[in-house]
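Asker: For reference, this is target.cif, and it has mmCIF, C-alpha atoms.
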data_data
#
loop_
_atom_site.label_atom_id
_atom_site.label_comp_id
_atom_site.auth_asym_id
_atom_site.auth_seq_id
_atom_site.Cartn_x
_atom_site.Cartn_y
_atom_site.Cartn_z
CA MET A 1189 143.52 55.77 30.42
CA ILE A 1190 140.70 58.25 29.90
CA THR A 1191 137.62 57.02 28.03
CA ILE A 1192 136.28 59.45 25.41
CA ILE A 1193 132.57 59.19 24.61
CA ALA A 1194 131.36 61.10 21.55
CA GLU A 1195 127.68 61.92 22.06
CA LEU A 1196 125.78 62.04 18.77
CA GLY A 1197 122.35 62.25 20.36
CA ILE A 1198 119.86 64.27 18.37
CA ASN A 1199 122.60 66.00 16.34
CA CYS A 1200 122.04 63.36 13.64
CA ASN A 1201 118.73 65.11 12.82
CA GLY A 1202 117.14 61.75 12.09
CA SER A 1203 119.57 61.09 9.23
CA LEU A 1204 121.51 57.84 9.00
CA GLU A 1205 123.91 59.53 6.60
CA ILE A 1206 124.75 62.19 9.20
CA ALA A 1207 124.99 59.51 11.89
CA LYS A 1208 127.57 57.61 9.85
CA GLN A 1209 129.52 60.80 9.13
CA LEU A 1210 129.62 61.56 12.85
CA MET A 1211 130.68 58.00 13.64
CA ASP A 1212 133.48 58.30 11.08
CA MET A 1213 134.51 61.61 12.62
CA ALA A 1214 134.60 60.12 16.11
CA LYS A 1215 136.64 57.17 14.88
CA GLU A 1216 139.15 59.40 13.06
CA CYS A 1217 139.58 61.59 16.15
CA GLY A 1218 140.24 58.64 18.45
CA ALA A 1219 137.02 58.43 20.51
CA ASP A 1220 136.36 55.16 22.33
CA PHE A 1221 132.56 55.12 21.96
CA VAL A 1222 129.75 56.91 20.19
CA LYS A 1223 126.49 57.41 22.06
CA PHE A 1224 122.92 57.92 20.88
CA GLN A 1225 119.67 58.75 22.70
CA LYS A 1226 116.51 56.62 22.53
CA ARG A 1227 113.03 57.84 23.45
CA THR A 1228 109.48 56.58 23.17
CA ILE A 1229 107.99 59.89 22.10
CA ASN A 1230 104.48 59.41 23.48
CA VAL A 1231 105.90 58.39 26.87
CA VAL A 1232 108.56 61.05 27.30
CA TYR A 1233 106.37 63.96 26.15
CA THR A 1234 102.78 64.83 27.01
CA THR A 1235 100.12 65.18 24.35
CA GLU A 1236 99.89 68.86 25.19
CA GLU A 1237 103.62 69.32 24.59
CA LEU A 1238 103.58 67.32 21.35
CA ASP A 1239 100.67 69.36 19.99
CA LYS A 1240 102.45 72.70 20.46
CA PRO A 1241 103.34 74.66 17.32
CA ARG A 1242 106.99 74.25 16.34
CA ASP A 1243 108.54 74.84 12.95
CA SER A 1244 111.14 72.27 11.96
CA PRO A 1245 112.39 70.46 8.86
CA TRP A 1246 109.68 67.83 9.54
CA GLY A 1247 106.59 69.99 10.04
CA THR A 1248 104.92 72.60 12.23
CA THR A 1249 104.35 70.78 15.57
CA THR A 1250 106.60 69.47 18.32
CA ARG A 1251 105.22 65.99 17.58
CA GLU A 1252 106.50 66.08 14.00
CA GLN A 1253 109.86 67.42 15.16
CA LYS A 1254 110.36 64.75 17.84
CA HIS A 1255 109.37 61.90 15.53
CA GLY A 1256 111.64 63.33 12.83
CA LEU A 1257 114.63 63.24 15.16
CA GLU A 1258 114.04 59.68 16.42
CA PHE A 1259 115.73 56.63 14.90
CA GLN A 1260 113.67 53.46 14.54
CA ARG A 1261 114.59 49.74 14.66
CA LYS A 1262 115.80 49.55 11.05
CA ASP A 1263 117.99 52.61 11.68
CA TYR A 1264 119.57 51.14 14.79
CA ASP A 1265 120.12 47.86 12.97
CA GLU A 1266 122.14 49.80 10.40
CA ILE A 1267 123.95 51.80 13.13
CA ASP A 1268 124.86 48.55 14.86
CA LYS A 1269 126.13 47.07 11.60
CA TYR A 1270 128.16 50.18 10.76
CA SER A 1271 129.58 50.31 14.29
CA ARG A 1272 131.02 46.84 13.82
CA TYR A 1273 132.25 47.71 10.32
CA ILE A 1274 134.36 50.65 11.54
CA ALA A 1275 135.22 48.97 14.88
CA LEU A 1276 133.80 51.76 17.03
CA PRO A 1277 131.37 50.58 19.75
CA TRP A 1278 128.09 52.40 20.32
CA PHE A 1279 125.58 52.62 23.13
CA ALA A 1280 122.68 54.88 24.04
CA SER A 1281 120.95 56.63 26.90
CA ALA A 1282 117.38 55.38 27.17
CA TRP A 1283 114.80 57.89 28.37
CA ASP A 1284 112.09 55.41 29.33
CA LEU A 1285 111.66 51.74 30.14
CA GLY A 1286 110.40 50.85 26.67
CA SER A 1287 113.52 52.39 25.12
CA LEU A 1288 115.72 50.46 27.54
CA GLN A 1289 114.00 47.24 26.49
CA PHE A 1290 114.41 48.30 22.85
CA LEU A 1291 118.18 48.53 23.36
CA ASP A 1292 118.27 45.03 24.90
CA ALA A 1293 118.16 43.68 21.34
CA TYR A 1294 121.76 44.82 20.82
CA ASP A 1295 124.94 43.58 22.46
CA LEU A 1296 125.86 46.98 23.85
CA PRO A 1297 128.99 47.35 25.98
CA CYS A 1298 127.42 49.77 28.46
CA HIS A 1299 124.45 51.96 29.36
CA LYS A 1300 123.96 55.62 30.20
CA VAL A 1301 121.59 57.24 32.68
CA ALA A 1302 121.06 60.82 31.49
CA SER A 1303 120.84 63.58 34.11
CA PRO A 1304 117.05 64.01 33.79
CA MET A 1305 116.58 60.27 34.45
CA ILE A 1306 118.61 60.10 37.66
CA THR A 1307 115.55 60.94 39.79
CA ASN A 1308 113.57 58.04 38.27
CA LEU A 1309 114.67 55.35 40.74
CA GLU A 1310 112.48 52.65 39.19
CA PHE A 1311 114.13 53.22 35.82
CA CYS A 1312 117.62 53.33 37.35
CA GLU A 1313 117.00 49.99 39.04
CA GLU A 1314 115.98 48.44 35.72
CA VAL A 1315 119.24 49.67 34.19
CA ALA A 1316 121.19 48.29 37.15
CA LYS A 1317 119.62 44.85 36.64
CA ARG A 1318 121.39 44.67 33.24
CA LYS A 1319 124.71 44.60 35.15
CA LYS A 1320 126.56 46.42 32.36
CA LEU A 1321 128.94 49.30 33.00
CA THR A 1322 126.69 52.35 33.36
CA TYR A 1323 127.66 55.99 33.04
CA ILE A 1324 125.43 58.07 35.34
CA SER A 1325 125.19 61.82 34.78
CA THR A 1326 124.54 63.91 37.89
CA GLY A 1327 123.33 67.23 36.45
CA GLY A 1328 120.20 69.05 37.56
CA LEU A 1329 120.49 68.27 41.29
CA ASP A 1330 120.82 70.58 44.30
CA ASP A 1331 122.79 68.06 46.37
CA LEU A 1332 124.11 64.50 46.37
CA CYS A 1333 121.23 62.78 48.19
CA MET A 1334 119.71 61.37 45.00
CA VAL A 1335 123.14 60.34 43.73
CA HIS A 1336 123.63 58.25 46.90
CA LYS A 1337 120.24 56.56 46.37
CA VAL A 1338 121.07 55.69 42.77
CA VAL A 1339 124.58 54.48 43.61
CA ASN A 1340 123.15 52.22 46.31
CA LYS A 1341 120.77 50.63 43.79
CA PHE A 1342 123.61 49.89 41.40
CA LYS A 1343 125.72 48.50 44.24
CA TYR A 1344 122.83 46.26 45.32
CA HIS A 1345 122.66 44.78 41.82
CA GLU A 1346 126.46 44.60 41.59
CA CYS A 1347 126.42 46.72 38.46
CA PRO A 1348 129.62 48.68 37.70
CA ILE A 1349 129.22 52.44 37.30
CA CYS A 1350 131.05 55.63 36.45
CA LEU A 1351 129.54 58.80 37.92
CA MET A 1352 129.65 61.74 35.52
CA HIS A 1353 129.79 65.27 36.87
CA CYS A 1354 127.50 67.33 34.65
CA VAL A 1355 125.91 70.78 34.48
CA LEU A 1356 122.53 70.76 32.75
CA GLU A 1357 123.07 73.82 30.53
CA TYR A 1358 123.24 73.77 26.73
CA PRO A 1359 125.82 75.13 26.09
CA CYS A 1360 127.43 75.40 29.53
CA PRO A 1361 129.57 78.53 30.05
CA PRO A 1362 133.09 77.69 31.30
CA GLU A 1363 132.52 79.61 34.54
CA ASN A 1364 129.60 77.31 35.40
CA SER A 1365 131.53 74.07 34.83
CA ASN A 1366 132.35 73.62 38.56
CA LEU A 1367 134.98 70.97 37.85
CA SER A 1368 135.92 70.81 41.53
CA MET A 1369 132.89 68.52 41.83
CA ILE A 1370 135.03 65.78 40.28
CA ARG A 1371 137.15 65.63 43.43
CA VAL A 1372 134.10 66.06 45.65
CA LEU A 1373 132.52 63.01 44.01
CA GLU A 1374 135.78 61.07 44.39
CA LYS A 1375 135.71 61.69 48.15
CA GLU A 1376 131.96 61.12 48.49
CA PHE A 1377 132.00 57.83 46.57
CA PRO A 1378 135.36 56.15 47.21
CA GLY A 1379 136.25 53.46 44.73
CA VAL A 1380 133.73 54.70 42.13
CA PRO A 1381 135.27 56.05 38.90
CA ILE A 1382 134.32 59.67 38.25
CA GLY A 1383 133.94 61.25 34.82
CA PHE A 1384 132.66 64.45 33.24
CA SER A 1385 129.81 64.94 30.79
CA SER A 1386 130.56 68.19 28.99
CA HIS A 1387 128.19 70.63 27.35
CA ALA A 1388 130.98 73.15 26.78
CA VAL A 1389 131.98 74.47 23.36
CA SER A 1390 135.71 74.38 24.14
CA PRO A 1391 137.84 71.23 24.43
CA ILE A 1392 139.83 72.99 27.16
CA VAL A 1393 137.03 72.33 29.68
CA GLY A 1394 137.17 68.59 29.00
CA TYR A 1395 140.96 68.65 29.23
CA ALA A 1396 140.77 70.43 32.59
CA ALA A 1397 138.38 67.74 33.81
CA ALA A 1398 140.81 65.04 32.68
CA PHE A 1399 143.67 66.79 34.47
CA MET A 1400 141.54 66.92 37.64
CA GLY A 1401 141.13 63.17 37.56
CA ALA A 1402 138.10 62.42 35.35
CA ARG A 1403 138.28 58.83 34.12
CA ALA A 1404 135.80 59.40 31.28
CA ILE A 1405 134.91 62.47 29.23
CA GLU A 1406 131.65 62.65 27.31
CA THR A 1407 131.11 65.45 24.82
CA HIS A 1408 128.47 66.20 22.21
CA ILE A 1409 129.81 66.31 18.66
CA THR A 1410 128.48 67.85 15.45
CA LEU A 1411 129.43 68.23 11.83
CA ASP A 1412 128.64 71.94 12.04
CA ARG A 1413 127.49 73.94 15.06
CA SER A 1414 125.25 76.06 12.82
CA MET A 1415 123.10 73.06 11.80
CA TYR A 1416 119.47 72.77 12.91
CA GLY A 1417 119.03 71.41 16.43
CA SER A 1418 119.00 72.42 20.09
CA ASP A 1419 122.19 70.49 20.96
CA GLN A 1420 124.37 71.67 18.06
CA SER A 1421 125.53 74.81 19.89
CA ALA A 1422 126.67 72.70 22.88
CA SER A 1423 128.82 70.43 20.72
CA LEU A 1424 132.37 70.14 19.43
CA GLU A 1425 133.15 70.07 15.73
CA LYS A 1426 135.90 67.81 14.40
CA SER A 1427 138.80 70.12 15.25
CA GLY A 1428 137.53 70.46 18.81
CA LEU A 1429 137.15 66.71 19.27
CA GLU A 1430 140.65 66.13 17.89
CA LYS A 1431 142.05 68.59 20.42
CA LEU A 1432 140.06 67.05 23.28
CA VAL A 1433 141.38 63.55 22.54
CA ASP A 1434 144.96 64.84 22.22
CA TYR A 1435 144.68 66.92 25.40
CA CYS A 1436 143.32 63.99 27.39
CA LYS A 1437 146.25 61.82 26.28
CA ILE A 1438 148.62 64.54 27.46
CA ALA A 1439 146.75 64.84 30.77
CA ASN A 1440 147.54 61.21 31.54
CA VAL A 1441 151.24 61.90 30.97
CA VAL A 1442 151.80 65.28 32.58
CA LYS A 1443 150.06 64.50 35.89
CA GLY A 1444 152.77 62.04 36.88
CA ASP A 1445 152.66 60.26 40.23
CA GLY A 1446 153.39 63.14 42.62
CA ILE A 1447 156.62 61.61 43.95
CA LYS A 1448 159.44 64.14 44.17
CA ARG A 1449 162.49 62.85 42.31
CA MET A 1450 165.05 63.96 39.75
CA THR A 1451 165.22 62.72 36.18
CA GLU A 1452 168.67 61.85 34.85
CA LYS A 1453 168.75 65.00 32.74
CA GLU A 1454 167.61 67.06 35.71
CA ARG A 1455 170.36 65.53 37.84
CA ALA A 1456 172.98 66.40 35.23
CA ASN A 1457 171.70 69.97 34.96
CA ALA A 1458 171.68 70.34 38.73
CA ARG A 1459 175.31 69.27 38.93
CA LYS A 1460 176.23 71.77 36.23
CA LEU A 1461 174.22 74.75 37.49
CA ARG A 1462 174.95 74.44 41.23
CA TYR A 1463 178.43 75.77 40.71
CA TRP A 1464 179.15 76.20 44.42
CA GLU A 1465 178.89 72.45 44.92
CA ASN A 1466 181.73 72.00 42.43
CA VAL A 1467 184.11 74.42 44.12
CA ILE A 1468 187.06 72.64 45.74
CA GLY A 1469 187.77 74.30 49.06
#
Now, as a test, write the supplied structure out as structure tokens.

Answerer:
Amino acid sequence: MITIIAELGINCNGSLEIAKQLMDMAKECGADFVKFQKRTINVVYTTEELDKPRDSPWGTTTREQKHGLEFQRKDYDEIDKYSRYIALPWFASAWDLGSLQFLDAYDLPCHKVASPMITNLEFCEEVAKRKKLTYISTGGLDDLCMVHKVVNKFKYHECPICLMHCVLEYPCPPENSNLSMIRVLEKEFPGVPIGFSSHAVSPIVGYAAAFMGARAIETHITLDRSMYGSDQSASLEKSGLEKLVDYCKIANVVKGDGIKRMTEKERANARKLRYWENVIG
């Protein structure tokens, strides 16, 4: 089966109401998980960056915008409670060690290493020490050298992983998706499940990844792509998520096992249509 991860991320715009609506949407569409993002603002961004002018619903600086987007402990407590209420598990990608430790308070089923964090080997090792299934995005790299280093750390700590092919563009044009990397990663890391983290605006790209063998598909979701936020335009609305889930179910069926054989109906049709085999000489 293909695991579908609905990435809420910053598309909640700091609103628990929107978060719950997105969680309901993911549940209704058949997603397996919803995923958030957790940052310690003063660690992830420099003072210079936070002081830059930036108009947003929360103020006129980047600092006000970033704090406005971020959920706090009481918010995650409510998210965790609601997750159990609707029976849809959640997890999050931590962007710093403090955020990873913050998430330790919850009984999360898995972790996520976002593409920008894959070069932070110290952080990756801390995630690996948790020994929970970890989805590792591989975007923003010129080659696979860093991926090998990270995989080795997770192997050392005997932590299960799923490598996610990813292109770090928001949104990512279909022609830049490079889905052949799924099979490259399969060959490069035998025995490691390979998935796809999509920033495409069409569910067809995720379906194509599933057909090419992706074991997990992650996609950003939104209530409305015209809402405020940098990730909204790289996200699927409800109709797109519904199609993605349906397409991925079909992908599991139509691929088959690659063994040449005839079905019973095919055999009957062959007997009927190969008229020369029925001619009595």

Asker: Could you expand the PyMOL selection byres ((chain A and resi 1358) around 7) into the explicit residues it covers here, written as a ChimeraX atom specification?

Answerer: /A:1356-1357,1359-1360,1387,1419,1422

Asker: Could you check the closest approach to Arg1251 in chain A for each of A:Ser1271, A:Ser1281, A:Thr1234, A:Asn1364 and tell me which residue wins, using all atoms listed in the file?

Answerer: A:Thr1234

Asker: Residues near Phe1384 in chain A, anyone? I mean within 9 Å using only C-alpha atoms, not counting same-chain ones fewer than 3 positions away, as a PDB file with C-alpha atoms, in the coordinates of the input.

Answerer:
ATOM      1  CA  SER A1325     125.190  61.820  34.780  1.00  0.00           C
ATOM      2  CA  LEU A1351     129.540  58.800  37.920  1.00  0.00           C
ATOM      3  CA  MET A1352     129.650  61.740  35.520  1.00  0.00           C
ATOM      4  CA  HIS A1353     129.790  65.270  36.870  1.00  0.00           C
ATOM      5  CA  CYS A1354     127.500  67.330  34.650  1.00  0.00           C
ATOM      6  CA  LEU A1367     134.980  70.970  37.850  1.00  0.00           C
ATOM      7  CA  ILE A1370     135.030  65.780  40.280  1.00  0.00           C
ATOM      8  CA  GLY A1394     137.170  68.590  29.000  1.00  0.00           C
ATOM      9  CA  ALA A1397     138.380  67.740  33.810  1.00  0.00           C
ATOM     10  CA  ALA A1398     140.810  65.040  32.680  1.00  0.00           C
ATOM     11  CA  ALA A1402     138.100  62.420  35.350  1.00  0.00           C
ATOM     12  CA  ARG A1403     138.280  58.830  34.120  1.00  0.00           C
ATOM     13  CA  ALA A1404     135.800  59.400  31.280  1.00  0.00           C
ATOM     14  CA  ILE A1405     134.910  62.470  29.230  1.00  0.00           C
ATOM     15  CA  GLU A1406     131.650  62.650  27.310  1.00  0.00           C
ATOM     16  CA  THR A1407     131.110  65.450  24.820  1.00  0.00           C
TER      17      THR A1407
END

Asker: Neighbours of Lys1343 in chain A within 10 Å (only C-alpha atoms; same-chain residues fewer than 6 positions away dropped), as a PDB file with C-alpha atoms, keeping the file's coordinate frame?

Answerer:
ATOM      1  CA  ALA A1316     121.190  48.290  37.150  1.00  0.00           C
ATOM      2  CA  LYS A1319     124.710  44.600  35.150  1.00  0.00           C
ATOM      3  CA  LYS A1337     120.240  56.560  46.370  1.00  0.00           C
ATOM      4  CA  ILE A1349     129.220  52.440  37.300  1.00  0.00           C
TER       5      ILE A1349
END

Asker: Could you work out how far CA of Lys1215 in chain A lies from CA of Met1400 in chain A, giving the answer in Å with one decimal?

Answerer: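 Answer for the CA of Met1400 in chain A to CA of Lys1215 in chain A separation: 25.2 Å.
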
Asker: Please report the interatomic distance between CA of Lys1375 in chain A and CA of Thr1326 in chain A in Å with one decimal.

Answerer: 15.3 Å

Asker: Quick check on the file I pasted: which residues fall under the PyMOL selection byres ((chain A and resi 1265) around 12)? Write them as a list in words.

Answerer: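 So the PyMOL selection byres ((chain A and resi 1265) around 12), applied here, picks out Leu1204, Phe1259, Gln1260, Arg1261, Lys1262, Asp1263, Tyr1264, Glu1266, Ile1267, Asp1268, Lys1269, Tyr1270, Ser1271, Arg1272, Trp1278, Phe1290, Leu1291, Ala1293, Tyr1294 and Asp1295 of chain A.
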
Asker: For the structure provided, state which residues fall under the PyMOL selection byres ((chain A and resi 1211) around 10), and present them as a list in words.

Answerer: Ala1194, Glu1195, Leu1196, Glu1205, Ile1206, Ala1207, Lys1208, Gln1209, Leu1210, Asp1212, Met1213, Ala1214, Lys1215, Glu1216, Cys1217, Ala1219, Phe1221, Val1222, Lys1223, Ile1267, Tyr1270, Ser1271, Ile1274, Leu1276, Pro1277, Trp1278 and Ile1409 of chain A

Asker: What is the distance between CA of Met1189 in chain A and CA of Gly1401 in chain A, in Å to one decimal?

Answerer: 10.6 Å
